[in-house]
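One file, start-v7.cif, is given below (mmCIF, C-alpha atoms).
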data_query
#
loop_
_atom_site.group_PDB
_atom_site.id
_atom_site.type_symbol
_atom_site.label_atom_id
_atom_site.label_comp_id
_atom_site.auth_asym_id
_atom_site.auth_seq_id
_atom_site.Cartn_x
_atom_site.Cartn_y
_atom_site.Cartn_z
ATOM 1 C CA MET A 1 49.210 -42.296 -100.847
ATOM 2 C CA LEU A 2 49.831 -45.613 -99.154
ATOM 3 C CA VAL A 3 52.164 -48.117 -100.736
ATOM 4 C CA PRO A 4 50.293 -51.363 -101.552
ATOM 5 C CA GLY A 5 50.479 -54.097 -98.954
ATOM 6 C CA ASN A 6 52.715 -56.363 -101.018
ATOM 7 C CA THR A 7 55.352 -53.613 -101.100
ATOM 8 C CA HIS A 8 55.083 -53.286 -97.348
ATOM 9 C CA ARG A 9 55.662 -56.995 -96.914
ATOM 10 C CA ARG A 10 58.617 -56.937 -99.288
ATOM 11 C CA ARG A 11 60.260 -54.111 -97.326
ATOM 12 C CA ALA A 12 59.661 -55.930 -94.058
ATOM 13 C CA ALA A 13 61.004 -59.236 -95.300
ATOM 14 C CA LYS A 14 64.727 -58.528 -94.964
ATOM 15 C CA LYS A 15 64.597 -59.553 -91.282
ATOM 16 C CA VAL A 16 62.000 -60.064 -88.591
ATOM 17 C CA SER A 17 63.340 -57.376 -86.241
ATOM 18 C CA PRO A 18 66.225 -54.920 -85.852
ATOM 19 C CA PHE A 19 66.748 -56.450 -82.406
ATOM 20 C CA PRO A 20 68.553 -59.737 -81.698
ATOM 21 C CA SER A 21 66.181 -62.643 -81.100
ATOM 22 C CA GLU A 22 66.896 -62.721 -77.360
ATOM 23 C CA VAL A 23 65.637 -59.141 -76.880
ATOM 24 C CA LYS A 24 62.073 -59.213 -75.598
ATOM 25 C CA ARG A 25 61.771 -55.934 -73.679
ATOM 26 C CA VAL A 26 63.241 -52.486 -74.272
ATOM 27 C CA LEU A 27 63.021 -49.952 -71.436
ATOM 28 C CA PHE A 28 63.116 -46.166 -71.818
ATOM 29 C CA LEU A 29 64.283 -44.109 -68.819
ATOM 30 C CA GLY A 30 64.188 -40.334 -68.641
ATOM 31 C CA ASN A 31 62.327 -37.257 -67.502
ATOM 32 C CA SER A 32 59.164 -35.511 -68.728
ATOM 33 C CA ILE A 33 60.236 -35.663 -72.374
ATOM 34 C CA THR A 34 60.475 -39.429 -72.150
ATOM 35 C CA TYR A 35 57.271 -39.642 -70.108
ATOM 36 C CA ALA A 36 55.456 -37.668 -72.836
ATOM 37 C CA GLY A 37 56.514 -40.625 -74.924
ATOM 38 C CA ASP A 38 55.904 -39.399 -78.450
ATOM 39 C CA TYR A 39 59.366 -40.406 -79.617
ATOM 40 C CA ILE A 40 58.884 -43.864 -78.123
ATOM 41 C CA SER A 41 55.520 -44.319 -79.841
ATOM 42 C CA ASN A 42 57.108 -43.126 -83.091
ATOM 43 C CA VAL A 43 59.900 -45.683 -82.853
ATOM 44 C CA GLU A 44 57.614 -48.538 -81.863
ATOM 45 C CA ALA A 45 54.973 -47.788 -84.503
ATOM 46 C CA TYR A 46 57.515 -47.621 -87.302
ATOM 47 C CA LEU A 47 59.147 -50.892 -86.297
ATOM 48 C CA VAL A 48 55.816 -52.648 -85.707
ATOM 49 C CA ALA A 49 54.673 -51.673 -89.192
ATOM 50 C CA ARG A 50 57.978 -52.489 -90.860
ATOM 51 C CA TYR A 51 58.522 -55.829 -89.137
ATOM 52 C CA PRO A 52 55.216 -57.681 -88.693
ATOM 53 C CA ASN A 53 56.920 -60.469 -86.746
ATOM 54 C CA ILE A 54 58.515 -58.204 -84.148
ATOM 55 C CA THR A 55 57.811 -59.324 -80.574
ATOM 56 C CA VAL A 56 59.606 -56.646 -78.549
ATOM 57 C CA ASP A 57 57.803 -54.911 -75.677
ATOM 58 C CA PHE A 58 58.569 -51.160 -75.497
ATOM 59 C CA VAL A 59 58.252 -49.885 -71.913
ATOM 60 C CA ASN A 60 58.123 -46.170 -71.118
ATOM 61 C CA ALA A 61 59.229 -45.556 -67.510
ATOM 62 C CA GLY A 62 60.023 -41.861 -67.860
ATOM 63 C CA LEU A 63 59.196 -39.650 -64.858
ATOM 64 C CA PRO A 64 58.616 -35.886 -65.164
ATOM 65 C CA SER A 65 61.104 -33.597 -63.375
ATOM 66 C CA GLU A 66 63.525 -36.464 -62.699
ATOM 67 C CA THR A 67 67.301 -36.203 -62.674
ATOM 68 C CA VAL A 68 70.141 -38.710 -62.643
ATOM 69 C CA SER A 69 72.322 -36.176 -60.819
ATOM 70 C CA GLY A 70 70.164 -36.072 -57.699
ATOM 71 C CA LEU A 71 70.039 -32.275 -57.851
ATOM 72 C CA SER A 72 67.052 -29.982 -57.406
ATOM 73 C CA GLU A 73 66.950 -26.202 -57.645
ATOM 74 C CA PRO A 74 65.638 -24.118 -54.715
ATOM 75 C CA GLY A 75 61.890 -23.613 -54.949
ATOM 76 C CA HIS A 76 61.357 -26.230 -57.622
ATOM 77 C CA ALA A 77 57.682 -26.485 -58.617
ATOM 78 C CA GLY A 78 56.906 -23.479 -56.475
ATOM 79 C CA GLY A 79 58.419 -25.216 -53.487
ATOM 80 C CA LYS A 80 55.902 -28.075 -53.647
ATOM 81 C CA PHE A 81 58.455 -30.845 -54.111
ATOM 82 C CA GLU A 82 62.077 -31.503 -54.939
ATOM 83 C CA ARG A 83 62.967 -33.092 -58.235
ATOM 84 C CA PRO A 84 62.666 -36.889 -58.220
ATOM 85 C CA ASP A 85 65.999 -38.694 -58.224
ATOM 86 C CA LEU A 86 66.460 -41.821 -60.351
ATOM 87 C CA HIS A 87 68.585 -43.318 -57.579
ATOM 88 C CA GLU A 88 65.411 -43.724 -55.513
ATOM 89 C CA ARG A 89 63.542 -45.917 -58.004
ATOM 90 C CA LEU A 90 65.984 -47.524 -60.426
ATOM 91 C CA GLY A 91 66.222 -50.786 -58.507
ATOM 92 C CA ARG A 92 62.437 -51.198 -58.417
ATOM 93 C CA THR A 93 62.188 -50.229 -62.070
ATOM 94 C CA LEU A 94 64.619 -52.906 -63.179
ATOM 95 C CA GLU A 95 63.048 -55.515 -60.910
ATOM 96 C CA ALA A 96 59.556 -54.779 -62.277
ATOM 97 C CA THR A 97 60.419 -54.476 -65.967
ATOM 98 C CA LYS A 98 63.402 -56.850 -66.359
ATOM 99 C CA PRO A 99 64.615 -55.174 -69.568
ATOM 100 C CA ASP A 100 67.001 -56.614 -72.136
ATOM 101 C CA TRP A 101 67.911 -53.203 -73.610
ATOM 102 C CA VAL A 102 67.714 -49.771 -71.985
ATOM 103 C CA TYR A 103 67.609 -46.314 -73.553
ATOM 104 C CA ALA A 104 68.439 -43.561 -71.024
ATOM 105 C CA CYS A 105 67.770 -39.877 -71.740
ATOM 106 C CA TYR A 106 68.883 -37.505 -68.985
ATOM 107 C CA GLY A 107 70.566 -34.115 -68.804
ATOM 108 C CA MET A 108 67.783 -31.631 -69.472
ATOM 109 C CA ASN A 109 66.980 -31.239 -65.762
ATOM 110 C CA ASP A 110 70.367 -32.204 -64.376
ATOM 111 C CA GLY A 111 71.983 -28.782 -64.663
ATOM 112 C CA ILE A 112 68.845 -27.401 -62.922
ATOM 113 C CA TYR A 113 68.564 -24.574 -65.474
ATOM 114 C CA MET A 114 71.582 -22.675 -64.175
ATOM 115 C CA PRO A 115 74.872 -21.742 -65.907
ATOM 116 C CA LEU A 116 77.629 -24.309 -66.250
ATOM 117 C CA ASP A 117 79.093 -25.242 -62.895
ATOM 118 C CA ALA A 118 81.825 -27.786 -62.162
ATOM 119 C CA GLU A 119 80.033 -29.347 -59.178
ATOM 120 C CA ARG A 120 76.716 -29.749 -61.003
ATOM 121 C CA PHE A 121 78.522 -31.162 -64.031
ATOM 122 C CA ALA A 122 80.350 -33.618 -61.785
ATOM 123 C CA LYS A 123 77.026 -34.759 -60.307
ATOM 124 C CA PHE A 124 75.652 -35.413 -63.792
ATOM 125 C CA LYS A 125 78.717 -37.428 -64.760
ATOM 126 C CA GLU A 126 78.685 -39.331 -61.475
ATOM 127 C CA GLY A 127 74.981 -40.147 -61.783
ATOM 128 C CA THR A 128 75.272 -41.234 -65.392
ATOM 129 C CA LYS A 129 78.197 -43.522 -64.620
ATOM 130 C CA TRP A 130 76.250 -44.940 -61.673
ATOM 131 C CA LEU A 131 73.270 -45.611 -63.937
ATOM 132 C CA HIS A 132 75.444 -47.356 -66.495
ATOM 133 C CA ASP A 133 77.065 -49.521 -63.846
ATOM 134 C CA GLN A 134 73.735 -50.452 -62.270
ATOM 135 C CA LEU A 135 72.315 -51.475 -65.637
ATOM 136 C CA LYS A 136 75.358 -53.645 -66.329
ATOM 137 C CA LYS A 137 75.078 -55.282 -62.910
ATOM 138 C CA ALA A 138 71.402 -56.003 -63.612
ATOM 139 C CA GLY A 139 72.377 -57.928 -66.733
ATOM 140 C CA VAL A 140 71.036 -55.466 -69.308
ATOM 141 C CA LYS A 141 72.355 -56.688 -72.663
ATOM 142 C CA LYS A 142 72.631 -53.270 -74.307
ATOM 143 C CA ILE A 143 72.677 -49.770 -72.813
ATOM 144 C CA ILE A 144 72.098 -46.822 -75.137
ATOM 145 C CA HIS A 145 72.617 -43.355 -73.709
ATOM 146 C CA LEU A 146 70.782 -40.555 -75.494
ATOM 147 C CA THR A 147 72.350 -37.116 -75.348
ATOM 148 C CA PRO A 148 69.905 -34.593 -73.824
ATOM 149 C CA PRO A 149 67.433 -32.838 -76.119
ATOM 150 C CA VAL A 150 68.282 -29.295 -77.126
ATOM 151 C CA PHE A 151 67.290 -26.322 -74.930
ATOM 152 C CA ASP A 152 66.024 -23.172 -76.673
ATOM 153 C CA GLU A 153 66.859 -20.072 -74.634
ATOM 154 C CA ARG A 154 64.696 -17.877 -76.888
ATOM 155 C CA GLN A 155 61.650 -19.718 -75.585
ATOM 156 C CA GLY A 156 62.751 -20.880 -72.137
ATOM 157 C CA GLY A 157 65.034 -18.145 -70.827
ATOM 158 C CA HIS A 158 67.810 -19.311 -68.471
ATOM 159 C CA PRO A 159 70.740 -17.676 -70.319
ATOM 160 C CA GLY A 160 73.660 -20.040 -70.738
ATOM 161 C CA TYR A 161 71.675 -23.232 -70.266
ATOM 162 C CA ALA A 162 71.874 -24.231 -73.920
ATOM 163 C CA HIS A 163 75.660 -24.286 -73.485
ATOM 164 C CA VAL A 164 75.305 -26.503 -70.403
ATOM 165 C CA LEU A 165 73.520 -29.146 -72.467
ATOM 166 C CA ASP A 166 76.103 -28.779 -75.236
ATOM 167 C CA VAL A 167 78.795 -29.619 -72.676
ATOM 168 C CA TYR A 168 76.825 -32.502 -71.149
ATOM 169 C CA SER A 169 76.225 -33.934 -74.617
ATOM 170 C CA GLU A 170 79.877 -33.607 -75.623
ATOM 171 C CA TRP A 171 80.899 -35.496 -72.487
ATOM 172 C CA LEU A 172 78.468 -38.314 -73.250
ATOM 173 C CA LEU A 173 79.720 -38.560 -76.825
ATOM 174 C CA ARG A 174 83.311 -38.817 -75.613
ATOM 175 C CA GLN A 175 82.331 -41.895 -73.617
ATOM 176 C CA ARG A 176 81.998 -43.800 -76.887
ATOM 177 C CA GLU A 177 85.776 -44.016 -77.198
ATOM 178 C CA LYS A 178 86.768 -43.418 -73.594
ATOM 179 C CA ALA A 179 84.476 -46.005 -71.967
ATOM 180 C CA GLY A 180 83.080 -47.977 -74.913
ATOM 181 C CA TRP A 181 79.552 -46.714 -74.308
ATOM 182 C CA ASP A 182 76.817 -46.786 -76.920
ATOM 183 C CA VAL A 183 75.590 -43.206 -77.358
ATOM 184 C CA ALA A 184 72.995 -41.872 -79.804
ATOM 185 C CA ASP A 185 73.243 -38.128 -80.424
ATOM 186 C CA VAL A 186 69.736 -36.734 -80.020
ATOM 187 C CA HIS A 187 71.136 -33.348 -78.975
ATOM 188 C CA GLY A 188 73.228 -32.851 -82.093
ATOM 189 C CA ALA A 189 70.384 -33.734 -84.437
ATOM 190 C CA MET A 190 67.891 -31.476 -82.661
ATOM 191 C CA LYS A 191 70.338 -28.573 -82.450
ATOM 192 C CA ALA A 192 71.169 -28.805 -86.162
ATOM 193 C CA PHE A 193 67.467 -29.052 -87.062
ATOM 194 C CA LEU A 194 66.595 -26.059 -84.881
ATOM 195 C CA GLU A 195 69.416 -23.880 -86.179
ATOM 196 C CA PHE A 196 68.610 -24.695 -89.812
ATOM 197 C CA HIS A 197 64.930 -23.838 -89.445
ATOM 198 C CA ILE A 198 65.606 -20.645 -87.496
ATOM 199 C CA GLN A 199 67.589 -19.467 -90.521
ATOM 200 C CA GLN A 200 64.434 -19.949 -92.606
ATOM 201 C CA ASP A 201 62.025 -18.590 -89.997
ATOM 202 C CA THR A 202 63.260 -16.670 -86.956
ATOM 203 C CA LEU A 203 60.087 -17.596 -85.052
ATOM 204 C CA PHE A 204 60.559 -21.340 -85.515
ATOM 205 C CA ALA A 205 60.682 -23.393 -82.318
ATOM 206 C CA LEU A 206 60.816 -27.095 -81.492
ATOM 207 C CA ALA A 207 59.535 -26.453 -77.959
ATOM 208 C CA ALA A 208 57.234 -23.600 -76.990
ATOM 209 C CA ASP A 209 58.767 -23.492 -73.507
ATOM 210 C CA GLY A 210 62.293 -24.223 -74.710
ATOM 211 C CA VAL A 211 62.258 -27.655 -73.027
ATOM 212 C CA HIS A 212 59.415 -29.942 -74.076
ATOM 213 C CA PRO A 213 59.484 -30.620 -77.822
ATOM 214 C CA ALA A 214 56.292 -30.791 -79.813
ATOM 215 C CA ALA A 215 55.632 -33.526 -82.368
ATOM 216 C CA THR A 216 58.375 -32.396 -84.764
ATOM 217 C CA GLY A 217 61.032 -32.509 -82.054
ATOM 218 C CA HIS A 218 59.942 -35.946 -80.933
ATOM 219 C CA TRP A 219 60.178 -37.169 -84.517
ATOM 220 C CA VAL A 220 63.754 -35.844 -84.759
ATOM 221 C CA MET A 221 64.540 -37.831 -81.610
ATOM 222 C CA ALA A 222 62.822 -40.929 -82.980
ATOM 223 C CA LYS A 223 64.777 -40.714 -86.236
ATOM 224 C CA VAL A 224 68.059 -40.684 -84.321
ATOM 225 C CA ILE A 225 67.048 -43.892 -82.536
ATOM 226 C CA LEU A 226 65.794 -45.509 -85.735
ATOM 227 C CA HIS A 227 69.010 -44.591 -87.566
ATOM 228 C CA HIS A 228 70.942 -46.052 -84.665
ATOM 229 C CA LEU A 229 69.027 -49.301 -85.270
ATOM 230 C CA GLY A 230 69.923 -49.227 -88.957
ATOM 231 C CA GLU A 231 66.590 -47.859 -90.184
ATOM 232 C CA THR A 232 68.062 -45.296 -92.574
ATOM 233 C CA GLU A 233 64.952 -45.093 -94.776
ATOM 234 C CA VAL A 234 63.385 -42.594 -92.367
ATOM 235 C CA GLY A 235 66.096 -40.049 -93.173
ATOM 236 C CA ASN A 236 64.077 -37.708 -95.367
ATOM 237 C CA THR A 237 60.695 -38.102 -93.684
ATOM 238 C CA GLU A 238 59.251 -34.962 -92.117
ATOM 239 C CA ASN A 239 57.044 -36.570 -89.471
ATOM 240 C CA ILE A 240 55.732 -39.899 -88.232
ATOM 241 C CA TYR A 241 52.764 -39.794 -90.618
ATOM 242 C CA ASP A 242 55.103 -39.314 -93.566
ATOM 243 C CA ALA A 243 57.092 -42.346 -92.425
ATOM 244 C CA MET A 244 54.022 -44.480 -91.741
ATOM 245 C CA SER A 245 52.537 -43.700 -95.164
ATOM 246 C CA SER A 246 54.965 -46.265 -96.572
ATOM 247 C CA PHE A 247 53.000 -49.022 -94.860
ATOM 248 C CA GLN A 248 49.512 -50.336 -95.377
ATOM 249 C CA ASN A 249 47.232 -48.934 -92.647
ATOM 250 C CA GLY A 250 50.250 -47.080 -91.276
ATOM 251 C CA ASP A 251 48.351 -44.171 -89.737
ATOM 252 C CA ARG A 252 45.977 -46.478 -87.869
ATOM 253 C CA ILE A 253 48.846 -48.645 -86.604
ATOM 254 C CA PHE A 254 50.528 -45.535 -85.214
ATOM 255 C CA GLU A 255 47.318 -44.433 -83.489
ATOM 256 C CA LEU A 256 46.925 -47.835 -81.846
ATOM 257 C CA VAL A 257 50.547 -47.990 -80.706
ATOM 258 C CA ALA A 258 50.293 -44.471 -79.235
ATOM 259 C CA GLN A 259 47.058 -45.412 -77.475
ATOM 260 C CA ARG A 260 48.687 -48.459 -75.941
ATOM 261 C CA GLN A 261 51.780 -46.519 -74.861
ATOM 262 C CA LEU A 262 49.639 -43.851 -73.204
ATOM 263 C CA MET A 263 47.837 -46.484 -71.166
ATOM 264 C CA MET A 264 50.818 -48.638 -70.274
ATOM 265 C CA LYS A 265 53.205 -45.925 -69.065
ATOM 266 C CA ASP A 266 51.018 -44.951 -66.111
ATOM 267 C CA ALA A 267 50.414 -48.587 -65.224
ATOM 268 C CA TRP A 268 54.165 -49.197 -65.129
ATOM 269 C CA LEU A 269 54.906 -46.067 -63.069
ATOM 270 C CA THR A 270 52.220 -47.025 -60.566
ATOM 271 C CA ILE A 271 53.668 -50.503 -60.157
ATOM 272 C CA ILE A 272 57.231 -49.181 -59.849
ATOM 273 C CA GLY A 273 56.358 -46.406 -57.445
ATOM 274 C CA HIS A 274 57.921 -42.931 -57.220
ATOM 275 C CA ARG A 275 57.937 -39.750 -55.124
ATOM 276 C CA ARG A 276 56.692 -37.335 -57.747
ATOM 277 C CA PRO A 277 53.263 -35.893 -56.807
ATOM 278 C CA GLY A 278 50.571 -35.130 -59.335
ATOM 279 C CA MET A 279 51.008 -38.195 -61.514
ATOM 280 C CA THR A 280 48.095 -40.164 -62.942
ATOM 281 C CA THR A 281 47.419 -43.435 -61.160
ATOM 282 C CA GLY A 282 47.599 -46.216 -63.711
ATOM 283 C CA LEU A 283 45.090 -48.997 -64.153
ATOM 284 C CA PRO A 284 45.968 -52.395 -62.624
ATOM 285 C CA MET A 285 48.425 -54.287 -64.822
ATOM 286 C CA ASN A 286 46.087 -57.244 -65.342
ATOM 287 C CA GLU A 287 43.451 -54.850 -66.680
ATOM 288 C CA VAL A 288 45.781 -52.936 -69.001
ATOM 289 C CA THR A 289 47.290 -56.203 -70.240
ATOM 290 C CA ILE A 290 43.871 -57.321 -71.463
ATOM 291 C CA LYS A 291 43.376 -53.964 -73.191
ATOM 292 C CA ALA A 292 46.867 -54.105 -74.694
ATOM 293 C CA GLU A 293 46.278 -57.594 -76.056
ATOM 294 C CA LYS A 294 43.092 -56.377 -77.730
ATOM 295 C CA ILE A 295 45.029 -53.533 -79.361
ATOM 296 C CA GLN A 296 47.687 -56.001 -80.499
ATOM 297 C CA ARG A 297 45.066 -58.158 -82.198
ATOM 298 C CA GLU A 298 43.798 -55.114 -84.076
ATOM 299 C CA ILE A 299 47.336 -54.212 -85.118
ATOM 300 C CA ASP A 300 47.948 -57.778 -86.305
ATOM 301 C CA ALA A 301 44.771 -57.659 -88.409
ATOM 302 C CA LEU A 302 45.906 -54.395 -90.011
ATOM 303 C CA ARG A 303 49.255 -55.937 -90.985
ATOM 304 C CA GLU A 304 47.821 -59.024 -92.687
#

If you took the structure in this file and wrote it as structure tokens, what would it be?
Amino acid sequence: MLVPGNTHRRRAAKKVSPFPSEVKRVLFLGNSITYAGDYISNVEAYLVARYPNITVDFVNAGLPSETVSGLSEPGHAGGKFERPDLHERLGRTLEATKPDWVYACYGMNDGIYMPLDAERFAKFKEGTKWLHDQLKKAGVKKIIHLTPPVFDERQGGHPGYAHVLDVYSEWLLRQREKAGWDVADVHGAMKAFLEFHIQQDTLFALAADGVHPAATGHWVMAKVILHHLGETEVGNTENIYDAMSSFQNGDRIFELVAQRQLMMKDAWLTIIGHRRPGMTTGLPMNEVTIKAEKIQREIDALRE
């Protein structure tokens, strides 16, 4: 049952946004999990419903198969192409999007699905530090590193790869104290969630292929980001619809936000450019902007 609109407005009234007033655009970088974008739509929809005056633009620039390490396994994609490397497109991405905040989620592909290896680990660390430095040089006001999502060897094979991502995540978390980085622990939350539910049901899985989480996994990721922003009320919610039920017209707002995200991500990737074959060509930005503005007007009407 939806909470009446006046309750929604009372909950939203504590502040106009969880972001500082100078933040106008938040960029998400990552691989196929970020490109899928469910966790981004979840975060945006919740905040749009909770804070009717929010004016932040959420940009999904995730690219499937990408790494920050620059590594690619032999025969990747059946030998059709090597993994895209963020080094090739980061400059264009920042120039096109001009973000104030950046969330970066890498690691899943960076160990190239092989056991822990010192050289591959070094490449991940080197690439992540490079990314952080480049974002600072570009004037990004806040950089939030997300630990890599969990890998489920029961579903995806590659024995030992779950441990690789444990190690990569632990290194990122240590950078909080060592380097003063801002790190949100997606990996820890997903691993705990997966292990708990496997105890209840041995067939439970967050990702059918061990890599790409379904809706539940994306919601776990979204909750980590929302908690990181101070939105602790999502703590006990089971999915995005459960969370959105607290707001008037919440389900419809989520549908509209997801629709807009789906359209905009391909437009942004097309403008930025990349070397990954098989991607959808986005509509021209002037065309998608008109469509996005129409969606925004519908969202605004639903929040009145």

Any chance you could work out the residue set of the PyMOL selection byres ((chain A and resi 153) around 12) here, as JSON, numbers by chain?
{"A": [113, 114, 115, 150, 151, 152, 154, 155, 156, 157, 158, 159, 160, 161, 162, 163, 164, 165, 194, 205, 206, 207, 208, 209, 210, 211]}

Selection: 7 Å around Ala184 in chain A, all atoms listed in the file, excl. self and same-chain fewer than 3 positions, as a list in words:
Ile144, His145, Leu146, Thr147, Val224, Ile225 and His228 of chain A

Apply the PyMOL selection byres ((chain A and resi 227) around 12) to the structure shown and report the selected residues as a PyMOL selection string.
chain A and resi 18+43+46-47+184-186+189+219-226+228-236

All residues 10 Å or closer to Val16 in chain A, all atoms listed in the file, same chain fewer than 5 positions away omitted, as a list in words:
Ser21, Leu47, Arg50, Tyr51, Pro52, Asn53, Ile54 and Thr55 of chain A

Which of these residues is nearest to Lys137 in chain A, using all atoms listed in the file: A:Leu94, A:Glu255, A:Glu22, A:Ile295?
A:Leu94

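Distance-wise, CA of Leu262 in chain A and CA of Thr289 in chain A end up 12.9 Å apart.
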